[in-house]
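final24.pdb (PDB, C-alpha atoms) appears below.
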MODEL        1
ATOM      1  CA  MET Z 130      10.329  35.989  30.586
ATOM      2  CA  SER Z 131       9.502  36.185  26.939
ATOM      3  CA  MET Z 132      12.283  33.674  26.237
ATOM      4  CA  ASN Z 133      10.779  31.345  28.761
ATOM      5  CA  ARG Z 134       7.441  31.608  27.133
ATOM      6  CA  ARG Z 135       8.939  30.907  23.755
ATOM      7  CA  SER Z 136      10.757  27.814  24.927
ATOM      8  CA  LEU Z 137       7.621  26.668  26.689
ATOM      9  CA  ILE Z 138       5.726  26.954  23.432
ATOM     10  CA  LYS Z 139       8.451  24.949  21.714
ATOM     11  CA  VAL Z 140       8.235  22.216  24.302
ATOM     12  CA  VAL Z 141       4.464  22.093  24.028
ATOM     13  CA  ALA Z 142       4.644  21.993  20.240
ATOM     14  CA  ALA Z 143       7.224  19.224  20.287
ATOM     15  CA  GLY Z 144       5.171  17.323  22.829
ATOM     16  CA  GLY Z 145       2.140  17.668  20.621
ATOM     17  CA  ALA Z 146       4.076  16.313  17.654
ATOM     18  CA  LEU Z 147       5.240  13.389  19.729
ATOM     19  CA  MET Z 148       1.732  12.675  20.879
ATOM     20  CA  GLY Z 149       0.623  12.728  17.279
ATOM     21  CA  LEU Z 150       3.334  10.236  16.463
ATOM     22  CA  GLY Z 151       2.314   8.145  19.417
ATOM     23  CA  LEU Z 152      -1.205   7.993  18.086
ATOM     24  CA  LEU Z 153       0.058   6.942  14.696
ATOM     25  CA  MET Z 154       2.550   4.347  15.836
ATOM     26  CA  PRO Z 155       0.343   1.611  17.297
ATOM     27  CA  ARG Z 156      -1.666   1.374  14.073
ATOM     28  CA  MET Z 157       1.091  -0.441  12.243
ATOM     29  CA  ALA Z 158       2.439  -2.536  15.051
ATOM     30  CA  MET Z 159      -1.032  -3.857  15.610
ATOM     31  CA  ALA Z 160      -2.700  -3.362  12.242
ATOM     32  CA  ALA Z 161      -5.682  -5.590  12.705
ATOM     33  CA  TRP Z 162      -7.437  -7.221   9.792
ATOM     34  CA  ALA Z 163      -9.344  -4.385   8.161
ATOM     35  CA  LYS Z 164     -12.680  -6.142   7.689
ATOM     36  CA  GLU Z 165     -14.394  -3.280   5.898
ATOM     37  CA  ALA Z 166     -11.529  -2.731   3.494
ATOM     38  CA  PHE Z 167     -11.256  -6.420   2.667
ATOM     39  CA  GLU Z 168     -14.997  -6.733   2.128
ATOM     40  CA  ALA Z 169     -15.380  -3.572   0.028
ATOM     41  CA  LYS Z 170     -16.672  -4.302  -3.456
ATOM     42  CA  GLU Z 171     -15.188  -1.202  -5.112
ATOM     43  CA  GLN Z 172     -11.489  -0.453  -5.226
ATOM     44  CA  ASN Z 173     -11.915   3.204  -4.235
ATOM     45  CA  THR Z 174     -14.006   2.211  -1.244
ATOM     46  CA  ALA Z 175     -11.415  -0.363  -0.219
ATOM     47  CA  ILE Z 176      -8.556   2.138  -0.485
ATOM     48  CA  LYS Z 177     -10.486   4.755   1.481
ATOM     49  CA  SER Z 178     -11.454   2.257   4.099
ATOM     50  CA  LEU Z 179      -7.840   1.129   4.544
ATOM     51  CA  TYR Z 180      -6.084   4.474   4.353
ATOM     52  CA  GLY Z 181      -8.682   7.130   5.011
ATOM     53  CA  ASP Z 182      -8.876  10.181   2.783
ATOM     54  CA  ALA Z 183      -5.144  10.491   2.134
ATOM     55  CA  GLU Z 184      -4.349  11.199  -1.485
ATOM     56  CA  LEU Z 185      -2.762   8.586  -3.720
ATOM     57  CA  THR Z 186       0.182   9.703  -5.837
ATOM     58  CA  GLU Z 187       1.334   7.600  -8.739
ATOM     59  CA  SER Z 188       5.045   7.056  -8.417
ATOM     60  CA  ALA Z 189       7.687   5.439 -10.582
ATOM     61  CA  GLU Z 190       9.442   4.528  -7.345
ATOM     62  CA  VAL Z 191       6.777   1.962  -6.611
ATOM     63  CA  ILE Z 192       7.790  -1.133  -8.515
ATOM     64  CA  LEU Z 193       4.924  -3.464  -9.276
ATOM     65  CA  ASP Z 194       6.126  -6.644 -10.889
ATOM     66  CA  ALA Z 195       3.335  -8.732 -12.394
ATOM     67  CA  PRO Z 196       3.056 -10.621 -15.674
ATOM     68  CA  ASP Z 197       1.598  -8.910 -18.769
ATOM     69  CA  ILE Z 198      -0.421 -12.025 -19.395
ATOM     70  CA  ALA Z 199      -1.387 -14.502 -16.706
ATOM     71  CA  GLU Z 200      -2.347 -17.803 -18.215
ATOM     72  CA  ASN Z 201      -3.723 -19.040 -14.941
ATOM     73  CA  GLY Z 202      -5.738 -16.424 -13.078
ATOM     74  CA  ALA Z 203      -5.692 -18.601  -9.984
ATOM     75  CA  VAL Z 204      -1.974 -18.084  -9.425
ATOM     76  CA  VAL Z 205      -0.621 -14.724 -10.530
ATOM     77  CA  PRO Z 206       2.801 -13.855  -9.116
ATOM     78  CA  VAL Z 207       3.023 -10.259  -7.880
ATOM     79  CA  THR Z 208       6.004  -8.495  -6.353
ATOM     80  CA  VAL Z 209       5.823  -5.043  -4.819
ATOM     81  CA  SER Z 210       9.007  -3.198  -3.977
ATOM     82  CA  THR Z 211      10.288   0.315  -3.549
ATOM     83  CA  GLY Z 212      13.481   2.102  -2.702
ATOM     84  CA  MET Z 213      11.584   4.659  -0.628
ATOM     85  CA  ALA Z 214      12.557   5.203   2.977
ATOM     86  CA  ASN Z 215      10.281   4.693   5.987
ATOM     87  CA  VAL Z 216       7.896   2.313   4.297
ATOM     88  CA  GLU Z 217       5.124   1.309   6.689
ATOM     89  CA  SER Z 218       2.944  -0.901   4.570
ATOM     90  CA  MET Z 219       2.347  -2.123   1.046
ATOM     91  CA  SER Z 220      -0.905  -3.427  -0.327
ATOM     92  CA  ILE Z 221      -2.222  -5.025  -3.475
ATOM     93  CA  PHE Z 222      -5.563  -4.208  -5.085
ATOM     94  CA  ILE Z 223      -7.137  -6.062  -8.002
ATOM     95  CA  GLU Z 224      -9.729  -3.788  -9.508
ATOM     96  CA  ASN Z 225     -12.280  -6.177 -10.964
ATOM     97  CA  ASN Z 226     -12.129  -8.833  -8.281
ATOM     98  CA  PRO Z 227     -15.287  -9.257  -6.176
ATOM     99  CA  SER Z 228     -13.290  -7.679  -3.326
ATOM    100  CA  PRO Z 229     -10.383  -5.658  -4.731
ATOM    101  CA  LEU Z 230      -8.126  -5.617  -1.668
ATOM    102  CA  ALA Z 231      -6.039  -8.785  -1.888
ATOM    103  CA  ALA Z 232      -3.335  -8.293   0.717
ATOM    104  CA  GLN Z 233      -1.761  -5.740   3.003
ATOM    105  CA  PHE Z 234       1.827  -6.227   4.110
ATOM    106  CA  ILE Z 235       3.193  -4.517   7.186
ATOM    107  CA  ILE Z 236       6.837  -3.553   6.785
ATOM    108  CA  PRO Z 237       8.489  -3.063  10.177
ATOM    109  CA  GLU Z 238      11.748  -1.145  10.426
ATOM    110  CA  GLY Z 239      14.592  -3.372   9.249
ATOM    111  CA  THR Z 240      12.427  -5.319   6.817
ATOM    112  CA  ALA Z 241      12.997  -4.692   3.115
ATOM    113  CA  ALA Z 242      10.183  -3.030   1.173
ATOM    114  CA  ASP Z 243      10.189  -5.942  -1.224
ATOM    115  CA  VAL Z 244       7.502  -8.595  -0.910
ATOM    116  CA  SER Z 245       6.354 -11.279  -3.332
ATOM    117  CA  THR Z 246       3.154 -13.256  -3.253
ATOM    118  CA  ARG Z 247       0.632 -14.917  -5.561
ATOM    119  CA  VAL Z 248      -2.905 -13.708  -6.083
ATOM    120  CA  ARG Z 249      -6.115 -14.739  -7.801
ATOM    121  CA  MET Z 250      -7.563 -12.719 -10.629
ATOM    122  CA  GLY Z 251     -11.047 -13.384 -11.923
ATOM    123  CA  LYS Z 252     -10.450 -11.635 -15.232
ATOM    124  CA  THR Z 253      -8.236  -9.153 -17.059
ATOM    125  CA  THR Z 254      -7.961  -6.031 -14.927
ATOM    126  CA  ASN Z 255      -5.665  -3.491 -13.322
ATOM    127  CA  VAL Z 256      -3.489  -4.483 -10.413
ATOM    128  CA  THR Z 257      -2.512  -1.592  -8.149
ATOM    129  CA  ALA Z 258       0.189  -1.545  -5.523
ATOM    130  CA  VAL Z 259      -0.103   1.066  -2.796
ATOM    131  CA  VAL Z 260       2.923   1.915  -0.695
ATOM    132  CA  LYS Z 261       2.606   3.925   2.485
ATOM    133  CA  ALA Z 262       5.883   5.674   3.232
ATOM    134  CA  ASP Z 263       6.435   8.558   5.626
ATOM    135  CA  GLY Z 264       2.684   8.683   6.094
ATOM    136  CA  LYS Z 265       2.060   9.343   2.398
ATOM    137  CA  LEU Z 266       0.527   7.058  -0.199
ATOM    138  CA  TYR Z 267       2.181   6.154  -3.474
ATOM    139  CA  SER Z 268       0.907   3.793  -6.118
ATOM    140  CA  ALA Z 269       1.697   1.940  -9.305
ATOM    141  CA  THR Z 270      -0.807   0.243 -11.575
ATOM    142  CA  LYS Z 271      -0.420  -2.387 -14.211
ATOM    143  CA  GLU Z 272      -2.925  -4.207 -16.366
ATOM    144  CA  VAL Z 273      -2.672  -7.973 -16.261
ATOM    145  CA  LYS Z 274      -4.436  -9.938 -18.966
ATOM    146  CA  VAL Z 275      -5.913 -13.173 -17.753
ATOM    147  CA  THR Z 276      -6.326 -16.079 -20.128
ATOM    148  CA  ILE Z 277      -9.173 -18.089 -18.698
ATOM    149  CA  GLY Z 278      -8.500 -21.775 -18.902
ATOM    150  CA  GLY Z 279      -4.793 -21.259 -19.192
ATOM    151  CA  CYS Z 280      -4.524 -22.240 -22.870
ATOM    152  CA  GLY Z 281      -2.258 -19.343 -23.709
ATOM    153  CA  GLY Z 282      -4.619 -18.089 -26.436
TER     154      GLY Z 282
ATOM    155  CA  MET W 179      -0.483 -29.304  12.829
ATOM    156  CA  SER W 180       1.953 -27.235  10.939
ATOM    157  CA  ILE W 181       0.857 -25.591   7.736
ATOM    158  CA  MET W 182       3.897 -23.430   7.032
ATOM    159  CA  ARG W 183       6.821 -24.484   4.956
ATOM    160  CA  VAL W 184       9.602 -21.999   5.501
ATOM    161  CA  LYS W 185      12.978 -21.494   3.926
ATOM    162  CA  ALA W 186      14.907 -18.853   5.796
ATOM    163  CA  LYS W 187      18.474 -18.166   4.813
ATOM    164  CA  SER W 188      20.933 -15.876   6.501
ATOM    165  CA  ARG W 189      23.005 -14.021   3.952
ATOM    166  CA  GLY W 190      25.233 -10.990   4.385
ATOM    167  CA  GLY W 191      23.600  -9.865   7.614
ATOM    168  CA  ASN W 192      20.088 -10.229   6.197
ATOM    169  CA  THR W 193      17.651 -13.075   6.409
ATOM    170  CA  GLU W 194      15.749 -14.034   3.286
ATOM    171  CA  VAL W 195      12.491 -15.787   3.970
ATOM    172  CA  LYS W 196      10.315 -17.765   1.610
ATOM    173  CA  MET W 197       7.195 -19.259   3.060
ATOM    174  CA  LEU W 198       4.397 -21.378   1.737
ATOM    175  CA  ALA W 199       1.267 -21.925   3.764
ATOM    176  CA  LYS W 200      -0.675 -25.052   3.020
ATOM    177  CA  HIS W 201      -4.192 -23.679   2.904
ATOM    178  CA  ILE W 202      -7.214 -23.971   0.642
ATOM    179  CA  MET W 203      -8.006 -20.214   0.736
ATOM    180  CA  GLU W 204     -11.676 -20.836  -0.001
ATOM    181  CA  THR W 205     -13.090 -17.574  -1.346
ATOM    182  CA  GLY W 206     -16.724 -17.876  -0.397
ATOM    183  CA  GLN W 207     -17.583 -17.266  -4.064
ATOM    184  CA  ARG W 208     -17.760 -20.865  -5.161
ATOM    185  CA  LYS W 209     -20.799 -23.105  -5.099
ATOM    186  CA  ASP W 210     -20.948 -26.823  -4.594
ATOM    187  CA  LYS W 211     -22.799 -29.218  -6.934
ATOM    188  CA  SER W 212     -26.153 -28.553  -5.340
ATOM    189  CA  GLY W 213     -25.720 -24.800  -5.702
ATOM    190  CA  ASN W 214     -24.905 -23.981  -2.103
ATOM    191  CA  VAL W 215     -22.220 -21.402  -1.505
ATOM    192  CA  ILE W 216     -19.075 -22.941  -0.030
ATOM    193  CA  PRO W 217     -18.314 -20.744   2.974
ATOM    194  CA  ALA W 218     -15.151 -18.662   2.913
ATOM    195  CA  LEU W 219     -12.182 -20.133   4.745
ATOM    196  CA  PHE W 220      -8.914 -18.324   4.315
ATOM    197  CA  LEU W 221      -5.822 -17.227   6.163
ATOM    198  CA  SER W 222      -6.475 -13.641   7.148
ATOM    199  CA  GLU W 223      -3.386 -12.843   9.196
ATOM    200  CA  ILE W 224       0.195 -14.010   9.228
ATOM    201  CA  GLU W 225       2.917 -12.699  11.491
ATOM    202  CA  VAL W 226       6.599 -13.562  11.651
ATOM    203  CA  LYS W 227       8.770 -12.666  14.634
ATOM    204  CA  HIS W 228      12.488 -12.893  15.167
ATOM    205  CA  ALA W 229      13.905 -12.482  18.659
ATOM    206  CA  GLY W 230      10.552 -11.176  19.850
ATOM    207  CA  LYS W 231      10.340  -8.470  17.167
ATOM    208  CA  VAL W 232       7.813  -8.550  14.349
ATOM    209  CA  VAL W 233       9.713  -8.721  11.055
ATOM    210  CA  PHE W 234       6.778  -9.321   8.744
ATOM    211  CA  ALA W 235       3.018  -9.204   8.999
ATOM    212  CA  ALA W 236       0.365  -9.675   6.371
ATOM    213  CA  ASN W 237      -3.363  -9.150   6.328
ATOM    214  CA  LEU W 238      -4.907 -11.250   3.610
ATOM    215  CA  GLY W 239      -8.131 -11.540   1.706
ATOM    216  CA  PRO W 240      -9.410 -14.570  -0.190
ATOM    217  CA  ALA W 241      -7.868 -13.171  -3.401
ATOM    218  CA  VAL W 242      -4.547 -14.557  -2.258
ATOM    219  CA  SER W 243      -3.935 -17.826  -4.101
ATOM    220  CA  LYS W 244      -4.481 -21.239  -2.625
ATOM    221  CA  ASN W 245      -1.394 -22.290  -0.656
ATOM    222  CA  PRO W 246      -0.272 -18.678  -0.132
ATOM    223  CA  TYR W 247       3.335 -17.874  -0.887
ATOM    224  CA  PHE W 248       5.326 -14.954   0.478
ATOM    225  CA  SER W 249       8.892 -13.876   0.234
ATOM    226  CA  PHE W 250      10.520 -11.049   2.149
ATOM    227  CA  SER W 251      13.787 -10.249   3.865
ATOM    228  CA  PHE W 252      14.847  -8.468   7.016
ATOM    229  CA  ALA W 253      18.049  -7.126   8.512
ATOM    230  CA  GLY W 254      19.589  -9.367  11.137
ATOM    231  CA  GLY W 255      19.053 -12.992  11.981
ATOM    232  CA  ALA W 256      21.702 -15.688  11.977
ATOM    233  CA  ALA W 257      21.836 -19.342  11.098
ATOM    234  CA  GLY W 258      20.340 -21.333  13.941
ATOM    235  CA  ASP W 259      17.987 -18.563  15.060
ATOM    236  CA  THR W 260      14.314 -19.299  15.411
ATOM    237  CA  LEU W 261      11.501 -17.569  13.555
ATOM    238  CA  GLU W 262       8.141 -17.554  15.292
ATOM    239  CA  LEU W 263       5.220 -17.744  12.901
ATOM    240  CA  SER W 264       1.631 -17.223  13.806
ATOM    241  CA  TRP W 265      -1.463 -17.293  11.665
ATOM    242  CA  LYS W 266      -5.167 -16.751  11.923
ATOM    243  CA  GLU W 267      -8.071 -17.774   9.737
ATOM    244  CA  ASN W 268     -11.112 -15.633   8.981
ATOM    245  CA  THR W 269     -13.046 -18.020  11.217
ATOM    246  CA  GLY W 270     -10.870 -17.023  14.172
ATOM    247  CA  LYS W 271      -8.939 -20.283  14.291
ATOM    248  CA  SER W 272      -5.260 -19.656  14.840
ATOM    249  CA  GLY W 273      -1.955 -21.439  15.123
ATOM    250  CA  ALA W 274       1.703 -20.896  15.849
ATOM    251  CA  GLU W 275       4.814 -22.610  14.573
ATOM    252  CA  THR W 276       8.521 -22.077  14.449
ATOM    253  CA  ALA W 277      11.142 -22.331  11.745
ATOM    254  CA  GLU W 278      14.895 -22.236  11.851
ATOM    255  CA  ILE W 279      17.104 -19.837   9.949
ATOM    256  CA  ARG W 280      19.804 -21.661   8.009
TER     257      ARG W 280
ENDMDL
END
Please render this file's structure as structure tokens.
Amino acid sequence: MSMNRRSLIKVVAAGGALMGLGLLMPRMAMAAWAKEAFEAKEQNTAIKSLYGDAELTESAEVILDAPDIAENGAVVPVTVSTGMANVESMSIFIENNPSPLAAQFIIPEGTAADVSTRVRMGKTTNVTAVVKADGKLYSATKEVKVTIGGCGG
Amino acid sequence: MSIMRVKAKSRGGNTEVKMLAKHIMETGQRKDKSGNVIPALFLSEIEVKHAGKVVFAANLGPAVSKNPYFSFSFAGGAAGDTLELSWKENTGKSGAETAEIR
């Protein structure tokens, strides 16, 4: 009898975990455009709006490839990659832009956590990549100097 | 009207995709000569499917450069396969196109 109860508890616990997973799964498959996050004026607000209250850990495993100096702020190449497993999404924030969240990439299973794009930067500021892997948030930040006018000075 | 230029190459069991979307990505920050704000018009969502499965999706803001460029790769895909691309603008306008893996 007591064994039965124990196994019942196990089944219920496992079921609960599965349900939790089930609740989490659709979010990525159908990650709709996060209006609030994209319209947020402050980076912290944008991050919170996109990811909730989860804590951000700086990690050397998040590779943010961006130039030290961007001569043309209108076209700044940025690559985000990581060797982490179970990556769900990767996003790019540009701190001093009018709206810091630039892009959010959904990484389905089978797709490499390695995405390149080009972004606009109004002025010299920090670029932050946020990687969501295994439900946790990891980040890397790099300052990119923008030479307005593209004269290389 | 197609706006996507796609280069998808099958290599060693993976497919490498480079795509360029022809789009103005108007930020909504600029003003015209008479001082009126030019309304924002940008690609907000892009999705790429292979064999019915989403292999890449992006949610974008106007901070993505004009004529947005993306590169990514996914496991699977073979030369001759079709990639289904769909996109949506912040205005709600949307489109769908296909590209072939080489």
Apply the PyMOL selection byres ((chain Z) within 6 of (chain W)) to the file shown and report the selected residues as an NGL selection string. :Z and (162 or 204 or 231-235 or 237 or 239-241 or 244-249)
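For the pair atom CA of Gly258 of chain W and atom CA of Ala277 of chain W, the interatomic distance is 9.5 Å.
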Determine the residue membership of the PyMOL selection byres ((chain W and resi 271) around 12) for the file above and supply it as a VMD selection string. chain W and resid 219 to 223 264 to 270 272 to 274
By how many Å are atom CA of Thr257 of chain Z and atom CA of Gly206 of chain W apart? 23.0 Å
Would you work out the distance separating atom CA of Val215 of chain W from atom CA of Asn255 of chain Z, expressed in Å to one decimal?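 The value is 27.1 Å.
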Restricting the calculation to all atoms listed in the file: of W:Ser180, W:Ser188, W:Asn214, W:Thr276, which residue gets closest to Lys227 of chain W? W:Thr276
Just want the 8 Å neighbourhood of segment 208-224 of chain Z, counted on only C-alpha atoms, with same-chain residues fewer than 2 positions away dropped. Output as a ChimeraX atom specification. /Z:157,171-172,190-195,206,226,228-238,242-246,250,254-264
Next, write the just-selected residues to a file, as a PDB file, in the frame of the given file, keeping C-alpha atoms as the atom set.
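See part.pdb below for the written result:
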ATOM      1  CA  MET Z 157       1.091  -0.441  12.243  1.00  0.00           C
ATOM      2  CA  GLU Z 171     -15.188  -1.202  -5.112  1.00  0.00           C
ATOM      3  CA  GLN Z 172     -11.489  -0.453  -5.226  1.00  0.00           C
ATOM      4  CA  GLU Z 190       9.442   4.528  -7.345  1.00  0.00           C
ATOM      5  CA  VAL Z 191       6.777   1.962  -6.611  1.00  0.00           C
ATOM      6  CA  ILE Z 192       7.790  -1.133  -8.515  1.00  0.00           C
ATOM      7  CA  LEU Z 193       4.924  -3.464  -9.276  1.00  0.00           C
ATOM      8  CA  ASP Z 194       6.126  -6.644 -10.889  1.00  0.00           C
ATOM      9  CA  ALA Z 195       3.335  -8.732 -12.394  1.00  0.00           C
ATOM     10  CA  PRO Z 206       2.801 -13.855  -9.116  1.00  0.00           C
ATOM     11  CA  ASN Z 226     -12.129  -8.833  -8.281  1.00  0.00           C
ATOM     12  CA  SER Z 228     -13.290  -7.679  -3.326  1.00  0.00           C
ATOM     13  CA  PRO Z 229     -10.383  -5.658  -4.731  1.00  0.00           C
ATOM     14  CA  LEU Z 230      -8.126  -5.617  -1.668  1.00  0.00           C
ATOM     15  CA  ALA Z 231      -6.039  -8.785  -1.888  1.00  0.00           C
ATOM     16  CA  ALA Z 232      -3.335  -8.293   0.717  1.00  0.00           C
ATOM     17  CA  GLN Z 233      -1.761  -5.740   3.003  1.00  0.00           C
ATOM     18  CA  PHE Z 234       1.827  -6.227   4.110  1.00  0.00           C
ATOM     19  CA  ILE Z 235       3.193  -4.517   7.186  1.00  0.00           C
ATOM     20  CA  ILE Z 236       6.837  -3.553   6.785  1.00  0.00           C
ATOM     21  CA  PRO Z 237       8.489  -3.063  10.177  1.00  0.00           C
ATOM     22  CA  GLU Z 238      11.748  -1.145  10.426  1.00  0.00           C
ATOM     23  CA  ALA Z 242      10.183  -3.030   1.173  1.00  0.00           C
ATOM     24  CA  ASP Z 243      10.189  -5.942  -1.224  1.00  0.00           C
ATOM     25  CA  VAL Z 244       7.502  -8.595  -0.910  1.00  0.00           C
ATOM     26  CA  SER Z 245       6.354 -11.279  -3.332  1.00  0.00           C
ATOM     27  CA  THR Z 246       3.154 -13.256  -3.253  1.00  0.00           C
ATOM     28  CA  MET Z 250      -7.563 -12.719 -10.629  1.00  0.00           C
ATOM     29  CA  THR Z 254      -7.961  -6.031 -14.927  1.00  0.00           C
ATOM     30  CA  ASN Z 255      -5.665  -3.491 -13.322  1.00  0.00           C
ATOM     31  CA  VAL Z 256      -3.489  -4.483 -10.413  1.00  0.00           C
ATOM     32  CA  THR Z 257      -2.512  -1.592  -8.149  1.00  0.00           C
ATOM     33  CA  ALA Z 258       0.189  -1.545  -5.523  1.00  0.00           C
ATOM     34  CA  VAL Z 259      -0.103   1.066  -2.796  1.00  0.00           C
ATOM     35  CA  VAL Z 260       2.923   1.915  -0.695  1.00  0.00           C
ATOM     36  CA  LYS Z 261       2.606   3.925   2.485  1.00  0.00           C
ATOM     37  CA  ALA Z 262       5.883   5.674   3.232  1.00  0.00           C
ATOM     38  CA  ASP Z 263       6.435   8.558   5.626  1.00  0.00           C
ATOM     39  CA  GLY Z 264       2.684   8.683   6.094  1.00  0.00           C
TER      40      GLY Z 264
END
Kindly indicate which residue among Z:Lys252, Z:Asn225, Z:Leu266, Z:Glu200 lies nearest to Tyr180 of chain Z, using only C-alpha atoms for the distances. Z:Leu266
Counting all atoms listed in the file, find the residues whose atoms lie at most 6 Å from (9.4, -18.3, 12.5) (file coordinates) and write them out as a ChimeraX atom specification. /W:226,260-263,276-277
To verify the selection step, state as JSON, numbers by chain which residues the PyMOL selection byres ((chain W and resi 200) around 6) yields on this input. {"W": [181, 199, 201, 245]}
